[in-house]
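Novice: Next comes target-v2.cif, mmCIF, C-alpha atoms:
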```
data_entry
loop_
_atom_site.label_atom_id
_atom_site.label_comp_id
_atom_site.auth_asym_id
_atom_site.auth_seq_id
_atom_site.Cartn_x
_atom_site.Cartn_y
_atom_site.Cartn_z
CA MET M 16 93.33 175.76 97.92
CA LYS M 17 94.13 175.05 101.57
CA THR M 18 91.96 171.88 101.52
CA TYR M 19 93.74 170.70 98.37
CA ILE M 20 97.17 171.12 100.02
CA ILE M 21 96.03 169.17 103.10
CA MET M 22 94.73 166.31 100.93
CA VAL M 23 97.99 166.15 98.95
CA PHE M 24 99.96 166.06 102.20
CA MET M 25 97.78 163.23 103.55
CA PHE M 26 98.25 161.15 100.38
CA MET M 27 102.03 161.73 100.45
CA ASN M 28 102.22 160.54 104.05
CA ALA M 29 100.09 157.49 103.24
CA GLY M 30 102.45 156.60 100.40
CA LEU M 31 105.48 156.93 102.66
CA LEU M 32 103.89 154.69 105.30
CA ALA M 33 103.04 152.08 102.66
CA GLN M 34 106.71 151.95 101.65
CA LEU M 35 108.11 151.92 105.17
CA LYS M 36 109.78 148.66 106.18
CA VAL M 37 110.63 147.90 109.79
CA PRO M 38 111.72 144.66 111.51
CA SER M 39 109.03 142.40 112.93
CA LEU M 40 108.86 141.97 116.68
CA SER M 41 108.28 138.25 116.03
CA PRO M 42 110.47 137.49 113.00
CA LYS M 43 109.44 134.71 110.67
CA THR M 44 111.70 131.70 110.15
CA LYS M 45 111.71 128.62 107.94
CA LEU M 46 113.59 125.38 108.47
CA SER M 47 113.71 122.06 106.67
CA GLN M 48 114.96 118.66 107.71
CA ASN M 49 115.41 115.48 105.70
CA ILE M 50 114.12 112.43 107.54
CA GLY M 51 114.91 109.33 105.53
CA LEU M 52 113.80 110.13 101.99
CA SER M 53 111.23 112.69 103.21
CA THR M 54 111.54 116.41 103.87
CA VAL M 55 109.73 118.19 106.70
CA THR M 56 109.53 121.99 106.45
CA ILE M 57 108.30 124.31 109.20
CA GLU M 58 107.42 128.01 108.82
CA TYR M 59 106.57 130.05 111.92
CA SER M 60 107.07 133.40 113.63
CA ARG M 61 109.15 133.64 116.82
CA PRO M 62 107.83 135.81 119.66
CA SER M 63 110.19 136.58 122.56
CA LYS M 64 109.65 136.35 126.31
CA LYS M 65 110.88 139.87 127.22
CA GLU M 66 110.78 139.28 131.00
CA ARG M 67 107.12 138.26 130.82
CA LYS M 68 105.58 135.14 132.31
CA ILE M 69 104.45 133.11 129.28
CA PHE M 70 102.57 129.93 130.24
CA GLY M 71 99.93 130.64 132.82
CA GLY M 72 100.51 134.37 132.23
CA LEU M 73 100.65 135.87 128.73
CA LEU M 74 99.22 132.54 127.50
CA PRO M 75 96.61 131.45 130.07
CA PHE M 76 96.36 127.71 130.63
CA GLY M 77 93.49 126.06 128.79
CA GLU M 78 93.28 128.62 125.97
CA VAL M 79 93.96 128.01 122.26
CA TRP M 80 97.35 129.24 121.02
CA ARG M 81 98.52 129.62 117.43
CA THR M 82 101.91 128.18 118.50
CA GLY M 83 103.80 131.11 117.10
CA ALA M 84 102.97 134.70 116.28
CA ASN M 85 101.41 136.80 113.51
CA SER M 86 100.03 133.91 111.43
CA ALA M 87 99.38 130.18 111.48
CA THR M 88 102.42 127.95 111.87
CA LYS M 89 102.82 125.76 108.79
CA PHE M 90 104.21 122.21 108.54
CA SER M 91 104.88 120.70 105.10
CA PHE M 92 105.55 117.00 104.48
CA SER M 93 107.02 115.94 101.12
CA LYS M 94 105.79 112.37 101.67
CA GLU M 95 103.56 110.53 104.12
CA VAL M 96 104.80 110.66 107.70
CA VAL M 97 103.60 109.20 110.99
CA ILE M 98 103.22 111.56 113.95
CA ASN M 99 102.46 110.11 117.36
CA GLY M 100 101.18 106.96 115.61
CA GLN M 101 98.86 108.86 113.20
CA LYS M 102 99.48 108.81 109.43
CA PHE M 103 99.73 112.23 107.79
CA PRO M 104 99.48 112.16 103.97
CA LYS M 105 101.88 114.29 101.95
CA GLY M 106 100.81 117.96 102.16
CA ASP M 107 100.63 121.09 104.31
CA TYR M 108 99.28 121.30 107.87
CA SER M 109 98.83 123.83 110.62
CA LEU M 110 98.48 123.23 114.33
CA LEU M 111 96.85 124.91 117.29
CA THR M 112 97.83 124.00 120.81
CA ILE M 113 96.11 124.26 124.19
CA PRO M 114 98.88 124.52 126.81
CA GLU M 115 98.27 123.30 130.34
CA LYS M 116 100.78 123.10 133.16
CA ASN M 117 101.63 119.42 132.63
CA VAL M 118 100.16 118.53 129.25
CA TRP M 119 99.43 120.19 125.89
CA THR M 120 96.64 119.32 123.49
CA ILE M 121 97.92 119.38 119.91
CA LYS M 122 95.31 119.92 117.19
CA TRP M 123 96.36 119.42 113.56
CA TYR M 124 94.51 120.92 110.59
CA THR M 125 94.91 120.66 106.83
CA TYR M 126 96.55 123.97 105.92
CA SER M 127 94.23 126.32 104.04
CA SER M 128 95.04 129.82 105.31
CA SER M 129 97.68 131.81 107.15
CA ASN M 130 94.85 133.16 109.33
CA TRP M 131 95.08 130.98 112.43
CA ASN M 132 91.61 132.03 113.63
CA ALA M 133 90.14 130.28 110.58
CA TYR M 134 90.98 126.90 112.15
CA LYS M 135 89.40 127.47 115.56
CA GLU M 136 85.90 126.48 114.47
CA GLN M 137 87.06 123.64 112.19
CA GLU M 138 87.23 119.94 113.00
CA PRO M 139 90.92 119.03 113.34
CA PHE M 140 92.53 116.41 111.13
CA THR M 141 93.68 114.76 114.34
CA ALA M 142 94.39 115.71 117.95
CA PHE M 143 96.40 114.22 120.80
CA ASN M 144 97.96 115.14 124.12
CA LEU M 145 101.67 115.39 124.88
CA PRO M 146 103.37 115.79 128.25
CA VAL M 147 105.29 118.94 129.11
CA GLU M 148 108.99 118.63 129.90
CA SER M 149 110.79 121.16 132.03
CA VAL M 150 113.73 123.07 130.51
CA SER M 151 116.29 124.20 133.10
CA GLU M 152 117.57 127.19 131.10
CA SER M 153 114.86 129.63 130.07
CA VAL M 154 114.27 129.86 126.30
CA GLU M 155 113.92 133.54 125.37
CA SER M 156 112.44 133.19 121.86
CA LEU M 157 109.97 130.50 120.85
CA ALA M 158 111.95 127.71 119.18
CA ILE M 159 110.72 124.86 117.01
CA ARG M 160 113.58 122.56 116.06
CA PHE M 161 114.53 119.04 115.05
CA GLN M 162 116.39 116.70 117.36
CA ASN M 163 117.25 112.98 117.69
CA ILE M 164 117.39 112.47 113.92
CA THR M 165 117.76 108.88 112.67
CA LEU M 166 117.40 107.18 109.29
CA ASN M 167 113.63 106.95 109.74
CA SER M 168 112.60 109.28 112.56
CA ALA M 169 113.12 112.60 114.30
CA ASP M 170 111.67 114.58 117.17
CA ILE M 171 110.26 118.08 116.76
CA TYR M 172 110.90 120.18 119.86
CA ILE M 173 108.63 123.13 120.67
CA GLU M 174 110.32 125.17 123.42
CA TRP M 175 109.59 128.46 125.13
CA GLU M 176 110.26 129.79 128.59
CA ASN M 177 110.90 126.65 130.68
CA SER M 178 108.55 124.32 128.80
CA ARG M 179 109.17 121.79 126.04
CA ILE M 180 106.94 119.36 124.20
CA ILE M 181 108.32 116.69 121.89
CA ILE M 182 106.45 115.62 118.74
CA PRO M 183 107.73 112.27 117.40
CA VAL M 184 107.86 111.94 113.60
CA LYS M 185 108.50 108.69 111.72
CA VAL M 186 108.65 107.69 108.06
CA ASN M 187 107.70 104.24 106.76
CA GLU M 188 110.02 103.94 103.76
CA GLU M 189 111.49 100.49 104.33
CA GLU M 190 109.76 98.83 101.36
CA GLU M 191 110.63 101.71 99.02
CA ILE M 192 114.28 101.77 100.08
CA ILE M 193 114.72 97.98 99.88
CA ALA M 194 113.07 97.94 96.44
CA SER M 195 115.46 100.67 95.30
CA ILE M 196 118.47 98.78 96.67
CA ASN M 197 117.40 95.56 94.98
CA LYS M 198 116.82 97.36 91.67
CA GLU M 199 120.22 99.02 91.69
CA LEU M 200 122.09 95.88 92.73
CA ALA M 201 120.26 93.83 90.10
CA GLY M 202 121.86 95.95 87.39
CA PRO M 203 120.34 97.88 84.48
CA SER M 204 116.71 97.25 83.57
CA SER M 205 115.51 96.31 80.08
CA SER M 206 114.42 99.92 79.55
CA ASP M 207 117.94 101.09 80.46
CA TYR M 208 119.46 98.72 77.91
CA PHE M 209 116.92 99.80 75.28
CA ARG M 210 117.67 103.51 75.79
CA ALA M 211 121.41 102.82 75.54
CA ALA M 212 120.94 100.79 72.34
CA LEU M 213 118.74 103.53 70.89
CA TYR M 214 121.42 106.14 71.56
CA TYR M 215 124.28 104.10 70.06
CA HIS M 216 122.18 103.20 67.01
CA GLU M 217 120.66 106.60 66.26
CA THR M 218 123.99 108.40 66.65
CA LYS M 219 125.87 105.59 64.84
CA THR M 220 128.40 105.82 67.66
CA ASP M 221 128.88 102.06 68.03
CA LEU M 222 126.52 99.69 66.19
CA ASN M 223 128.05 96.58 67.75
CA LYS M 224 127.51 97.93 71.23
CA ALA M 225 123.96 98.94 70.21
CA LEU M 226 123.35 95.32 69.14
CA THR M 227 124.77 93.95 72.40
CA TYR M 228 122.45 96.13 74.45
CA ILE M 229 119.31 95.57 72.38
CA GLN M 230 119.78 91.80 72.47
CA LYS M 231 119.82 91.93 76.27
CA VAL M 232 116.24 93.18 75.84
CA THR M 233 115.03 91.02 72.96
CA GLU M 234 116.31 87.74 74.39
CA SER M 235 113.25 87.86 76.63
CA ASP M 236 109.93 86.39 75.50
CA LYS M 237 108.38 89.56 76.88
CA ALA M 238 110.21 91.87 74.46
CA LEU M 239 107.91 94.40 72.81
CA PHE M 240 107.36 94.91 69.07
CA PHE M 241 109.27 98.19 68.88
CA GLN M 242 112.23 96.71 70.78
CA VAL M 243 112.51 93.72 68.41
CA THR M 244 112.13 96.07 65.44
CA ARG M 245 115.08 98.07 66.73
CA GLU M 246 117.20 94.90 66.76
CA ALA M 247 116.23 94.23 63.14
CA LEU M 248 117.19 97.77 62.13
CA ILE M 249 120.56 97.53 63.90
CA LEU M 250 121.31 94.19 62.19
CA LYS M 251 120.32 95.75 58.85
CA ASP M 252 122.76 98.63 59.39
CA LEU M 253 125.47 96.09 60.30
CA ASN M 254 124.71 94.37 56.97
CA ARG M 255 123.85 91.13 58.75
CA ARG M 256 121.04 90.61 56.28
CA LYS M 257 119.92 87.07 57.04
CA GLU M 258 119.73 87.70 60.79
CA ALA M 259 117.95 91.01 60.18
CA VAL M 260 115.24 89.26 58.14
CA GLU M 261 114.65 86.61 60.81
CA VAL M 262 114.36 89.22 63.54
CA ALA M 263 112.12 91.39 61.37
CA LYS M 264 109.74 88.43 60.92
CA ARG M 265 109.46 88.14 64.71
CA ALA M 266 108.96 91.91 65.02
CA LEU M 267 106.32 91.79 62.27
CA GLN M 268 104.30 89.20 64.14
CA LEU M 269 104.51 91.21 67.37
CA SER M 270 103.53 94.40 65.51
CA GLU M 271 100.50 92.68 63.99
CA GLU M 272 99.45 91.42 67.41
CA ALA M 273 99.83 94.96 68.77
CA LYS M 274 97.83 96.28 65.78
CA ASN M 275 100.51 98.88 65.10
CA LYS M 276 100.36 99.62 61.38
CA ASP M 277 103.48 101.79 61.35
CA PHE M 278 105.71 99.04 62.69
CA VAL M 279 104.03 96.43 60.48
CA LYS M 280 105.13 98.54 57.50
CA ILE M 281 108.66 99.06 58.85
CA ASN M 282 109.21 95.33 59.28
CA ASN M 283 107.67 94.45 55.93
CA ASP M 284 110.01 96.96 54.32
CA ILE M 285 113.03 95.41 56.06
CA ILE M 286 112.06 91.93 54.88
CA THR M 287 111.38 93.10 51.32
CA VAL M 288 114.64 95.05 50.98
CA LEU M 289 116.89 92.36 52.45
CA LYS M 290 115.46 89.26 50.84
#
```
Step by step, read the file and then write its structure as structure tokens.
Specialist:
Amino acid sequence: MKTYIIMVFMFMNAGLLAQLKVPSLSPKTKLSQNIGLSTVTIEYSRPSKKERKIFGGLLPFGEVWRTGANSATKFSFSKEVVINGQKFPKGDYSLLTIPEKNVWTIKWYTYSSSNWNAYKEQEPFTAFNLPVESVSESVESLAIRFQNITLNSADIYIEWENSRIIIPVKVNEEEEIIASINKELAGPSSSDYFRAALYYHETKTDLNKALTYIQKVTESDKALFFQVTREALILKDLNRRKEAVEVAKRALQLSEEAKNKDFVKINNDIITVLK
């Protein structure tokens, strides 16, 4: 009986410990920054100095550091970015650093685990050295932050104690942005006009406006069989019979060339009914 009571007590205590929640000594944080059309997100834990000597003390020079606490620090890029001249495809990455007095080695890895030790024996995605800058006012808690943000670049600061390294990040979005500007300034596309015509026709909201929009599409020699068929159907509903037949003949030829039996039938039906 006594043994049974002891075992119950042990299980009760284990359950209480499993439910116990206390603050972390190195709390986790997450920050995101838009750079151009891209988003960079960083997740890391923030250890504090607590009157200790950090670099060359708690973190001996020349040894690998997780660059945070508890787990691997994670960087996420929503699109391709360029860091220190190296292209990083869209995705998640972790880094390990080797601090020295005047320079740090930065090793980047494709993110696969929160266990930072898992990366130590792996070949890094890329690695480079960055100089250490001196910070006049001591930084108590490890800080990773964005600074010097422009339309196509930003700097990532890693700061602790009196040391700072700066990781330059750039995005190459010029072609994408210019293409977007040109598209918007050029006005609606043929697919935009077709969708508008489809809406006005199917809802019978405004058949004349539907015709105006569809003809902006079908005036092109590159109009597709289903687009020309839509013009014929709109003309039919407007009771413009002769025009509907002529357009249906064009749509019929395009449908036959596309080998689309359904639209061949639709256009034949239009021609038969309206003749």
Novice: Given the file shown, enumerate the residues that the PyMOL selection byres ((chain M and resi 140-146) around 9) captures and present them as a ChimeraX atom specification.
Specialist: /M:99,101,103,108,117-125,138-139,147-148,179-182
Novice: How would you write, as number ranges by chain, the residues chosen by the PyMOL selection byres ((chain M and resi 269-280) around 9) on this structure?
Specialist: M: 239-241, 243-244, 264-268, 281-285
Novice: Show which residues sit within 9 Å of range 186-198 of chain M, as an NGL selection string. Count all atoms listed in the file, and ignore same-chain residues fewer than 2 positions away.
Specialist: :M and (50-53 or 94-98 or 166-168 or 184 or 200-204)
Novice: Around the point (117.0, 89.1, 63.1) (coordinates from the file), which residues reach within 6 Å if we count all atoms listed in the file? Answer as a count of residues only.
Specialist: 7
Novice: Would you compute the distance between CA of Leu289 in chain M and CA of Lys257 in chain M? Give it in Å to one decimal.
Specialist: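 CA of Leu289 in chain M sits 7.6 Å away from CA of Lys257 in chain M.
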Novice: What are the closest atom pairs, with distances in Å to one decimal, for all residues of range 133-219 of chain M lying within 7 Å of range 60-80 of chain M? Consider all atoms listed in the file, order rows by chain and residue number, and present the result as JSON lines.
Specialist:
```
{"residue": "M:Glu155", "atom": "CA", "partner": "M:Lys64", "partner_atom": "CA", "distance": 5.2}
{"residue": "M:Ser156", "atom": "CA", "partner": "M:Ser63", "partner_atom": "CA", "distance": 4.1}
{"residue": "M:Leu157", "atom": "CA", "partner": "M:Arg61", "partner_atom": "CA", "distance": 5.2}
{"residue": "M:Ala158", "atom": "CA", "partner": "M:Arg61", "partner_atom": "CA", "distance": 7.0}
{"residue": "M:Glu176", "atom": "CA", "partner": "M:Ile69", "partner_atom": "CA", "distance": 6.7}
```
Novice: Is it possible to get the axis-aligned box enclosing range 95-106 of chain M (all listed atoms, 5 Å extra per side) as AutoDock Vina command-line options, with centre and edge lengths in Å rounded to one decimal?
Specialist:
```
--center_x 101.8 --center_y 112.5 --center_z 109.7 --size_x 15.9 --size_y 21.0 --size_z 25.4
```
Novice: Tell me, in Å to one decimal, how far CA of Asp207 in chain M is from CA of Ala225 in chain M.
Specialist: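 Between these atoms lies a distance of 12.1 Å.
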Novice: When you draw a straight line from CA of Glu217 in chain M to CA of Ala238 in chain M, how long is it in Å?
Specialist: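 Result for CA of Glu217 in chain M versus CA of Ala238 in chain M: 19.8 Å, one decimal.
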Novice: So which one's closest to Leu222 in chain M, M:Glu246, M:Leu253, M:Val150, M:Asp236? Using only C-alpha atoms, please.
Specialist: M:Leu253
Novice: Could you write out as an MDAnalysis selection string the residues that the PyMOL selection byres ((chain M and resi 170) around 7) matches in the shown file?
Specialist: chainID M and resid 161:164 169 171:172 181:184
Novice: Residues as selected, C-alpha atoms, written as a short mmCIF file (atom, residue, chain, number, x, y, z; two decimals), keeping the file's coordinate frame, can you do that?
Specialist:
```cif
data_model
loop_
_atom_site.label_atom_id
_atom_site.label_comp_id
_atom_site.auth_asym_id
_atom_site.auth_seq_id
_atom_site.Cartn_x
_atom_site.Cartn_y
_atom_site.Cartn_z
CA PHE M 161 114.53 119.04 115.05
CA GLN M 162 116.39 116.70 117.36
CA ASN M 163 117.25 112.98 117.69
CA ILE M 164 117.39 112.47 113.92
CA ALA M 169 113.12 112.60 114.30
CA ILE M 171 110.26 118.08 116.76
CA TYR M 172 110.90 120.18 119.86
CA ILE M 181 108.32 116.69 121.89
CA ILE M 182 106.45 115.62 118.74
CA PRO M 183 107.73 112.27 117.40
CA VAL M 184 107.86 111.94 113.60
#
```
Novice: Give me the residues within 9 Å of Ser129 in chain M as a compact mmCIF listing (two decimals) with C-alpha atoms, in the coordinates of the input, counting all atoms listed in the file and dropping any in the same chain fewer than 6 places off.
Specialist:
```txt
# COMPACT_ATOMS: atom_id res chain seq x y z
CA ASN M 85 101.41 136.80 113.51
CA SER M 86 100.03 133.91 111.43
CA ALA M 87 99.38 130.18 111.48
CA THR M 88 102.42 127.95 111.87
CA LYS M 89 102.82 125.76 108.79
CA SER M 109 98.83 123.83 110.62
```
Novice: From the list M:Thr56, M:Thr287, M:Asn177, M:Thr220, which residue is nearest Glu152 in chain M when using all atoms listed in the file?
Specialist: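 Looking only at the distances to Glu152 in chain M, the closest residue turns out to be M:Asn177.
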Novice: Using all atoms listed in the file, which residue out of M:Gln137, M:Thr112, M:Gln230, M:Thr165 lies closest to Asn49 in chain M?
Specialist: M:Thr165
Novice: So, counting only C-alpha atoms, which residue among M:Leu35, M:Ala84, M:Ile286, M:Val232 is closest to Ala211 in chain M?
Specialist: M:Val232
Novice: Generate the coordinates of N, CA and C atoms for range 212-225 of chain M; report them as a short mmCIF file (atom, residue, chain, number, x, y, z; two decimals), keeping the file's coordinate frame.
Specialist:
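In the end it all went to result12.cif:
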```
data_model
loop_
_atom_site.label_atom_id
_atom_site.label_comp_id
_atom_site.auth_asym_id
_atom_site.auth_seq_id
_atom_site.Cartn_x
_atom_site.Cartn_y
_atom_site.Cartn_z
N ALA M 212 120.87 101.28 73.72
CA ALA M 212 120.94 100.79 72.34
C ALA M 212 120.42 101.83 71.36
N LEU M 213 119.33 102.49 71.74
CA LEU M 213 118.74 103.53 70.89
C LEU M 213 119.74 104.65 70.64
N TYR M 214 120.44 105.07 71.70
CA TYR M 214 121.42 106.14 71.56
C TYR M 214 122.56 105.72 70.62
N TYR M 215 123.15 104.56 70.88
CA TYR M 215 124.28 104.10 70.06
C TYR M 215 123.88 103.90 68.60
N HIS M 216 122.64 103.45 68.38
CA HIS M 216 122.18 103.20 67.01
C HIS M 216 121.87 104.51 66.29
N GLU M 217 121.08 105.36 66.91
CA GLU M 217 120.66 106.60 66.26
C GLU M 217 121.84 107.53 65.97
N THR M 218 122.82 107.53 66.86
CA THR M 218 123.99 108.40 66.65
C THR M 218 125.08 107.71 65.84
N LYS M 219 124.87 106.41 65.56
CA LYS M 219 125.87 105.59 64.84
C LYS M 219 127.23 105.62 65.54
N THR M 220 127.17 105.76 66.87
CA THR M 220 128.40 105.82 67.66
C THR M 220 129.10 104.47 67.69
N ASP M 221 128.31 103.41 67.93
CA ASP M 221 128.88 102.06 68.03
C ASP M 221 127.75 101.06 67.79
N LEU M 222 127.62 100.59 66.54
CA LEU M 222 126.52 99.69 66.19
C LEU M 222 126.64 98.33 66.88
N ASN M 223 127.87 97.87 67.08
CA ASN M 223 128.05 96.58 67.75
C ASN M 223 127.61 96.65 69.21
N LYS M 224 127.94 97.76 69.84
CA LYS M 224 127.51 97.93 71.23
C LYS M 224 125.99 98.09 71.28
N ALA M 225 125.42 98.79 70.29
CA ALA M 225 123.96 98.94 70.21
C ALA M 225 123.30 97.56 70.11
#
```
